[in-house]
Amino acid sequence: MPGRTKAHDDAPEEVDTSMDDAPTSAQPPTEEQDDEAMEEDGSEGDDPFEEEEEPQRVRILPGSSERAASFEFLKEGHTMGNALRWIIMKNPDVEFCAYAIPHPSEDKMNLRIQTYDTTTAAAALEKGLQDLEDLCDVVSDIFWTEREKFEATPEQARKRQEEADRRQAA
């Protein structure tokens, strides 16, 4: 069983350190943004069609080299991590690829890529992202084609007509 905690009055005051001696944060400093969006001319930016610039969602983590790098993805999880790991490992220039979610409460995903001497980790990531996008396009095209074929069957046309008749009767 742990010992009793000393009361605040028991500790001498000279033991307390000033905040100047405290180590700095490991997080990179960020600019604080005002609560209200202001244009350069000082007017408020209320244009609903104006595109907001998204913050960068991928960054290279410290300690990375050309051939072995760790990337941090913001707002991504296991779905993107596992799919990207799988498609990157299909690349013959990649020696190793793995992903991790640092903590379930953080909306981050880390991806580690190690390549052979023929390419860089960043190039392997770019190729993996493009290959994954191409794969999703193919799957989507096949899905919508098959769905349209299914909807065009006489049985489905009959069911849609019965449903429309039921709505009109009600």
# chains A, B, ... in the order shown; residues from 1 in each chain; ligands from 1
>>> residues_around(residues="A:Gly128", least_positions_apart="4", cutoff="8 Å", atoms="only C-alpha atoms", output="list in words")
Leu84, Ile87, Ile88, Asn91, Ala124 and Leu132 of chain A
>>> closest_atom_pairs(of="stretch 78-161 of chain A", to="stretch 47-65 of chain A", cutoff="12 Å", atoms="only C-alpha atoms", output="JSON lines")
{"residue": "A:Asp107", "atom": "CA", "partner": "A:Arg57", "partner_atom": "CA", "distance": 10.9}
{"residue": "A:Lys108", "atom": "CA", "partner": "A:Arg57", "partner_atom": "CA", "distance": 9.4}
{"residue": "A:Met109", "atom": "CA", "partner": "A:Val58", "partner_atom": "CA", "distance": 9.6}
{"residue": "A:Asn110", "atom": "CA", "partner": "A:Leu61", "partner_atom": "CA", "distance": 8.9}
{"residue": "A:Leu111", "atom": "CA", "partner": "A:Ile60", "partner_atom": "CA", "distance": 9.5}
{"residue": "A:Arg112", "atom": "CA", "partner": "A:Ser64", "partner_atom": "CA", "distance": 9.4}
{"residue": "A:Ile113", "atom": "CA", "partner": "A:Ser64", "partner_atom": "CA", "distance": 9.7}
{"residue": "A:Gln114", "atom": "CA", "partner": "A:Ser65", "partner_atom": "CA", "distance": 9.3}
{"residue": "A:Thr115", "atom": "CA", "partner": "A:Ser65", "partner_atom": "CA", "distance": 10.5}
{"residue": "A:Thr120", "atom": "CA", "partner": "A:Ser65", "partner_atom": "CA", "distance": 8.8}
{"residue": "A:Ala121", "atom": "CA", "partner": "A:Ser65", "partner_atom": "CA", "distance": 8.2}
{"residue": "A:Ala122", "atom": "CA", "partner": "A:Ile60", "partner_atom": "CA", "distance": 8.9}
{"residue": "A:Leu125", "atom": "CA", "partner": "A:Val58", "partner_atom": "CA", "distance": 10.8}
{"residue": "A:Glu126", "atom": "CA", "partner": "A:Val58", "partner_atom": "CA", "distance": 11.5}
{"residue": "A:Leu129", "atom": "CA", "partner": "A:Val58", "partner_atom": "CA", "distance": 12.0}
>>> write_last_selection(atoms="N, CA and C atoms", output="PDB file, in the first residue's frame")
ATOM      1  N   ASP A 107      -7.780  11.017 -33.063  1.00  0.00           N
ATOM      2  CA  ASP A 107      -8.233  10.814 -34.440  1.00  0.00           C
ATOM      3  C   ASP A 107      -7.023  10.836 -35.376  1.00  0.00           C
ATOM      4  N   LYS A 108      -6.066   9.934 -35.124  1.00  0.00           N
ATOM      5  CA  LYS A 108      -4.824   9.889 -35.893  1.00  0.00           C
ATOM      6  C   LYS A 108      -4.507   8.461 -36.286  1.00  0.00           C
ATOM      7  N   MET A 109      -3.770   8.340 -37.394  1.00  0.00           N
ATOM      8  CA  MET A 109      -3.295   7.048 -37.852  1.00  0.00           C
ATOM      9  C   MET A 109      -1.861   7.243 -38.325  1.00  0.00           C
ATOM     10  N   ASN A 110      -0.946   6.413 -37.854  1.00  0.00           N
ATOM     11  CA  ASN A 110       0.456   6.479 -38.267  1.00  0.00           C
ATOM     12  C   ASN A 110       0.737   5.351 -39.241  1.00  0.00           C
ATOM     13  N   LEU A 111       1.491   5.669 -40.298  1.00  0.00           N
ATOM     14  CA  LEU A 111       1.849   4.693 -41.318  1.00  0.00           C
ATOM     15  C   LEU A 111       3.359   4.699 -41.474  1.00  0.00           C
ATOM     16  N   ARG A 112       3.984   3.535 -41.383  1.00  0.00           N
ATOM     17  CA  ARG A 112       5.433   3.403 -41.531  1.00  0.00           C
ATOM     18  C   ARG A 112       5.715   2.689 -42.844  1.00  0.00           C
ATOM     19  N   ILE A 113       6.585   3.270 -43.678  1.00  0.00           N
ATOM     20  CA  ILE A 113       6.957   2.677 -44.960  1.00  0.00           C
ATOM     21  C   ILE A 113       8.471   2.604 -45.044  1.00  0.00           C
ATOM     22  N   GLN A 114       8.994   1.432 -45.389  1.00  0.00           N
ATOM     23  CA  GLN A 114      10.419   1.242 -45.676  1.00  0.00           C
ATOM     24  C   GLN A 114      10.524   0.684 -47.083  1.00  0.00           C
ATOM     25  N   THR A 115      11.419   1.264 -47.876  1.00  0.00           N
ATOM     26  CA  THR A 115      11.543   0.851 -49.273  1.00  0.00           C
ATOM     27  C   THR A 115      12.945   0.339 -49.555  1.00  0.00           C
ATOM     28  N   THR A 120      11.637   6.092 -52.988  1.00  0.00           N
ATOM     29  CA  THR A 120      11.581   6.719 -51.662  1.00  0.00           C
ATOM     30  C   THR A 120      10.266   6.349 -50.980  1.00  0.00           C
ATOM     31  N   ALA A 121      10.211   6.559 -49.679  1.00  0.00           N
ATOM     32  CA  ALA A 121       8.997   6.261 -48.922  1.00  0.00           C
ATOM     33  C   ALA A 121       7.857   7.190 -49.345  1.00  0.00           C
ATOM     34  N   ALA A 122       8.168   8.461 -49.596  1.00  0.00           N
ATOM     35  CA  ALA A 122       7.132   9.403 -50.022  1.00  0.00           C
ATOM     36  C   ALA A 122       6.562   9.018 -51.387  1.00  0.00           C
ATOM     37  N   LEU A 125       4.234   6.137 -50.908  1.00  0.00           N
ATOM     38  CA  LEU A 125       2.955   6.583 -50.355  1.00  0.00           C
ATOM     39  C   LEU A 125       2.088   7.198 -51.448  1.00  0.00           C
ATOM     40  N   GLU A 126       2.667   8.056 -52.278  1.00  0.00           N
ATOM     41  CA  GLU A 126       1.908   8.667 -53.371  1.00  0.00           C
ATOM     42  C   GLU A 126       1.350   7.605 -54.320  1.00  0.00           C
ATOM     43  N   LEU A 129      -1.531   5.744 -52.586  1.00  0.00           N
ATOM     44  CA  LEU A 129      -2.765   6.519 -52.554  1.00  0.00           C
ATOM     45  C   LEU A 129      -3.446   6.523 -53.922  1.00  0.00           C
TER      46      LEU A 129
END
>>> select_by_dssp(residues="stretch 46-110 of chain A", states="strand (DSSP E or B)", output="ChimeraX atom specification")
/A:58-60,68-74,94-100,108-110
>>> atom_distance(atom1="atom CA of A:Thr79", atom2="atom CA of A:Glu66")
26.3 Å
